[in-house]
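Data file: structure24.tsv. Format and content: TSV, C-alpha atoms.
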```
chain	number	residue	atom	x	y	z
B	1	MET	CA	108.74	179.91	175.82
B	2	SER	CA	107.21	177.51	178.32
B	3	ASP	CA	105.46	174.18	177.76
B	4	ILE	CA	102.91	175.01	180.44
B	5	SER	CA	99.38	175.41	179.09
B	6	GLN	CA	96.65	177.34	180.81
B	7	PRO	CA	93.04	176.04	180.89
B	8	VAL	CA	90.36	178.32	179.49
B	9	ARG	CA	86.63	177.83	179.15
B	10	ALA	CA	84.95	177.99	175.74
B	11	ALA	CA	81.96	180.28	176.33
B	12	ALA	CA	80.38	180.07	172.84
B	13	LEU	CA	81.03	179.20	169.24
B	14	GLY	CA	80.01	181.66	166.55
B	15	TRP	CA	79.81	180.68	162.89
B	16	GLY	CA	77.83	182.06	159.97
B	17	VAL	CA	78.37	179.02	157.69
B	18	LYS	CA	78.79	181.20	154.57
B	19	GLN	CA	77.21	184.62	154.24
B	20	SER	CA	76.32	184.11	150.58
B	21	PHE	CA	74.62	180.79	151.43
B	22	ARG	CA	72.50	182.40	154.17
B	23	SER	CA	71.56	185.24	151.83
B	24	TYR	CA	70.67	182.83	149.03
B	25	VAL	CA	68.39	180.70	151.22
B	26	GLU	CA	66.56	183.76	152.52
B	27	ALA	CA	66.36	185.45	149.07
B	28	MET	CA	64.75	182.31	147.64
B	29	GLY	CA	62.01	182.50	150.28
B	30	GLY	CA	63.59	179.70	152.27
B	31	THR	CA	63.76	179.38	156.03
B	32	VAL	CA	66.49	179.34	158.63
B	33	ALA	CA	65.25	177.60	161.79
B	34	LEU	CA	67.14	177.55	165.08
B	35	SER	CA	66.72	175.04	167.89
B	36	GLY	CA	68.56	173.45	170.79
B	37	GLY	CA	69.80	176.78	172.10
B	38	ALA	CA	71.29	178.13	168.86
B	39	GLU	CA	70.86	181.89	168.45
B	40	ARG	CA	71.53	184.44	165.73
B	41	ASP	CA	73.80	187.45	166.27
B	42	ALA	CA	73.43	190.97	164.84
B	43	GLU	CA	75.54	190.10	161.77
B	44	GLY	CA	73.42	187.04	160.94
B	45	ALA	CA	75.90	184.41	162.18
B	46	PHE	CA	74.88	181.69	164.61
B	47	LEU	CA	75.90	181.26	168.24
B	48	PHE	CA	76.12	177.87	169.93
B	49	ALA	CA	76.40	177.31	173.70
B	50	PRO	CA	79.17	175.11	175.09
B	51	LYS	CA	78.43	171.57	176.19
B	52	ASP	CA	79.70	170.49	179.60
B	53	GLY	CA	83.44	170.13	179.59
B	54	ALA	CA	83.98	172.48	176.61
B	55	ALA	CA	87.40	173.50	177.86
B	56	LEU	CA	90.43	174.40	175.83
B	57	THR	CA	93.93	175.33	176.87
B	58	LEU	CA	96.09	178.22	175.79
B	59	ASP	CA	99.68	177.41	174.91
B	60	ALA	CA	102.58	179.63	175.94
B	61	ASP	CA	101.96	181.83	172.87
B	62	GLY	CA	98.28	182.32	173.80
B	63	ARG	CA	96.97	180.05	171.02
B	64	PRO	CA	94.10	177.71	171.89
B	65	GLN	CA	94.34	173.95	171.66
B	66	GLY	CA	92.15	170.98	172.48
B	67	GLU	CA	88.57	170.06	171.69
B	68	ALA	CA	85.23	171.61	172.57
B	69	LEU	CA	81.67	170.67	171.64
B	70	PHE	CA	78.71	173.04	171.45
B	71	SER	CA	74.91	172.65	171.43
B	72	GLY	CA	72.32	173.80	168.97
B	73	GLU	CA	71.00	173.27	165.50
B	74	VAL	CA	70.50	175.48	162.45
B	75	LYS	CA	68.32	174.14	159.63
B	76	PHE	CA	68.25	175.74	156.21
B	77	GLU	CA	65.44	174.86	153.81
B	78	ALA	CA	64.56	176.27	150.40
B	79	HIS	CA	63.07	175.33	147.04
B	80	GLY	CA	60.11	173.53	148.60
B	81	GLY	CA	62.38	171.21	150.56
B	82	MET	CA	64.76	170.38	147.69
B	83	LEU	CA	67.50	172.19	149.62
B	84	LYS	CA	67.84	170.97	153.20
B	85	VAL	CA	70.95	171.57	155.28
B	86	SER	CA	71.31	170.93	159.00
B	87	VAL	CA	74.26	172.11	161.12
B	88	THR	CA	73.95	170.33	164.47
B	89	ASP	CA	76.09	170.45	167.61
B	90	PRO	CA	79.27	171.91	166.13
B	91	GLY	CA	82.65	171.29	167.68
B	92	VAL	CA	86.23	172.39	167.22
B	93	SER	CA	89.43	170.43	167.40
B	94	LEU	CA	92.42	172.75	167.65
B	95	GLU	CA	95.94	171.44	167.34
B	96	PRO	CA	99.15	173.29	166.39
B	97	ALA	CA	99.30	171.38	163.08
B	98	GLY	CA	95.73	172.32	162.14
B	99	GLY	CA	92.18	172.65	163.29
B	100	ALA	CA	88.82	171.20	162.34
B	101	LEU	CA	85.17	172.19	162.59
B	102	THR	CA	82.94	169.17	163.08
B	103	VAL	CA	79.18	168.65	163.31
B	104	ALA	CA	76.88	165.75	164.13
B	105	ASP	CA	76.70	163.59	161.00
B	106	PRO	CA	73.12	163.78	159.66
B	107	TRP	CA	73.55	160.50	157.76
B	108	ALA	CA	75.21	158.47	160.53
B	109	PRO	CA	73.63	159.08	163.96
B	110	GLY	CA	76.15	159.13	166.78
B	111	LYS	CA	79.06	160.06	164.50
B	112	ARG	CA	80.68	163.38	163.66
B	113	MET	CA	81.94	164.73	160.38
B	114	GLN	CA	84.64	167.30	159.66
B	115	ILE	CA	83.07	170.00	157.50
B	116	ALA	CA	85.83	172.61	157.58
B	117	LYS	CA	89.56	172.90	158.08
B	118	LEU	CA	90.58	175.70	160.43
B	119	ASP	CA	93.77	177.62	159.68
B	120	MET	CA	95.61	177.65	163.02
B	121	ALA	CA	98.54	179.62	161.57
B	122	ALA	CA	96.19	182.49	160.68
B	123	ALA	CA	94.18	182.35	163.93
B	124	LEU	CA	93.72	185.67	165.69
B	125	VAL	CA	93.20	185.95	169.43
B	126	GLU	CA	91.48	189.25	170.11
B	127	GLY	CA	88.90	190.70	172.45
B	128	GLY	CA	88.31	187.45	174.33
B	129	GLU	CA	87.76	185.32	171.26
B	130	VAL	CA	89.71	183.27	168.78
B	131	VAL	CA	88.95	183.93	165.11
B	132	LEU	CA	89.82	181.00	162.85
B	133	PRO	CA	89.66	181.13	159.05
B	134	ALA	CA	87.67	178.14	157.74
B	135	ALA	CA	87.66	176.28	154.41
B	136	ALA	CA	85.24	173.59	153.25
B	137	THR	CA	86.25	169.92	153.27
B	138	LEU	CA	84.74	167.21	151.05
B	139	ASP	CA	82.23	166.42	153.82
B	140	GLY	CA	81.49	170.13	154.12
B	141	MET	CA	80.79	170.34	150.41
B	142	GLN	CA	78.37	167.41	150.66
B	143	LEU	CA	76.66	168.82	153.75
B	144	LEU	CA	76.14	172.19	152.05
B	145	GLY	CA	74.48	170.67	149.00
B	146	ASP	CA	77.57	170.29	146.79
B	147	HIS	CA	77.81	174.06	146.28
B	148	TYR	CA	81.24	174.73	147.78
B	149	PRO	CA	84.19	172.57	146.64
B	150	PRO	CA	86.87	171.59	149.16
B	151	GLY	CA	89.07	174.57	149.96
B	152	THR	CA	86.30	177.15	149.45
B	153	PRO	CA	86.53	179.81	152.16
B	154	LEU	CA	83.63	179.72	154.60
B	155	ASP	CA	82.78	182.25	157.28
B	156	PRO	CA	85.41	182.30	160.03
B	157	VAL	CA	84.77	180.31	163.19
B	158	ARG	CA	84.79	182.39	166.38
B	159	VAL	CA	85.38	180.72	169.73
B	160	LYS	CA	84.51	183.06	172.59
B	161	LEU	CA	86.65	182.45	175.66
B	162	ALA	CA	85.66	182.95	179.28
```
Full structure transcribed into structure tokens:
Amino acid sequence: MSDISQPVRAAALGWGVKQSFRSYVEAMGGTVALSGGAERDAEGAFLFAPKDGAALTLDADGRPQGEALFSGEVKFEAHGGMLKVSVTDPGVSLEPAGGALTVADPWAPGKRMQIAKLDMAAALVEGGEVVLPAAATLDGMQLLGDHYPPGTPLDPVRVKLA
């Protein structure tokens, strides 16, 4: 095994937040609004474009590492505005010891918050993307309206590589 890492470009980040959460918002007559370049894929998850410099490296075992930020916003609203959740400019931090999914902090402009832990040991590299199991953190629970305690599985994070 070599210590040489190979640069790779992050082409997109895909994340569905949590399928049951999306379904709930839409079943309650709520809205899911996309802006800033965020798109929705065929399965209902969201795609975010990379910001400049969104480069990762692959270690000798082909596992990604480093940090990458992405652009776009997804706003969920239901119950006449009583439920409001905004996922803005997500990013990933991938290290051998563990990974994190971060977003722009809606309560502290200019700061980021870690909303999910990414399981690097269970990461799969397949078909030009890295699939990372995700679990809510305390900040993630608060961002998602206190519905998912820390450790609750969320939809996997998918980092498409170019």
Worksheet entry | Given only C-alpha atoms as the counted atoms, nearest of B:Asp105, B:Glu129, B:Glu43, B:Asp139 to Lys18 (chain B) |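 Among B:Asp105, B:Glu129, B:Glu43, B:Asp139, it is B:Glu43 that comes nearest to Lys18 (chain B).
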Discussion item. I'd like to know which of B:Ala42, B:Ile115, B:Leu124, B:Leu144 is closest to Val25 (chain B), using only C-alpha atoms.
Written reply: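 Comparing B:Ala42, B:Ile115, B:Leu124, B:Leu144 against Val25 (chain B), the winner is B:Leu144.
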When you look at Ala97 (chain B) with a cut-off of 10 Å (counting all atoms listed in the file), what residues show up, excluding the ones that are within fewer than 3 positions of it in the same chain? I need them as a PDB file with C-alpha atoms, in the frame of the given file.
```pdb
ATOM      1  CA  LEU B  94      92.420 172.750 167.650  1.00  0.00           C
ATOM      2  CA  ASP B 119      93.770 177.620 159.680  1.00  0.00           C
ATOM      3  CA  MET B 120      95.610 177.650 163.020  1.00  0.00           C
ATOM      4  CA  ALA B 121      98.540 179.620 161.570  1.00  0.00           C
TER       5      ALA B 121
END
```
Fill in: Separation of CA of Lys160 (chain B) from CA of Ala108 (chain B), in Å and rounded to one decimal
28.9 Å
Worksheet entry | Lys117 (chain B) surroundings by only C-alpha atoms, 9 Å radius, close-in-sequence under 4 positions cut, as JSON, numbers by chain | {"B": [98, 99, 100, 101, 133, 134, 135, 136, 137, 151]}
Worksheet item: Nearest to Pro50 (chain B) among B:Val92, B:Ala33, B:Leu154, B:Leu83, with distances taken over all atoms listed in the file: which residue is it?
Response: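 The answer is B:Val92, which sits nearest to Pro50 (chain B).
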Worksheet item: Hey, can you check how far CA of Glu126 (chain B) sits from CA of Ala38 (chain B)?
Response: 23.1 Å
Worksheet item: So how far away is CA of Asp61 (chain B) from CA of Phe46 (chain B), in Å?
Response: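 These atoms are spaced 28.3 Å apart.
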Worksheet entry | Exercise: Val17 (chain B) partners within 8 Å, only C-alpha atoms, chain neighbours under 3 positions left out, as a VMD selection string | chain B and resid 21 to 22 45 154 to 155
Worksheet entry | Among the residues B:Pro109, B:Val32, B:Gly44, B:Ala11, the one that comes closest to Phe70 (chain B) [using all atoms listed in the file] |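 When distances to Phe70 (chain B) are compared using all atoms listed in the file, the smallest one comes from B:Ala11.
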Discussion item. Using all atoms listed in the file, can you tell me which of B:Ala60, B:Ala49, B:Ala10, B:Leu143 comes closest to Phe76 (chain B)?
Written reply: B:Leu143
Discussion item. I need the residue nearest Val87 (chain B) from this list: B:Gly29, B:Gly16, B:Pro7, B:Pro149. Use all atoms listed in the file for the distance.
Written reply: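 Closest to Val87 (chain B) of all the choices is B:Gly16.
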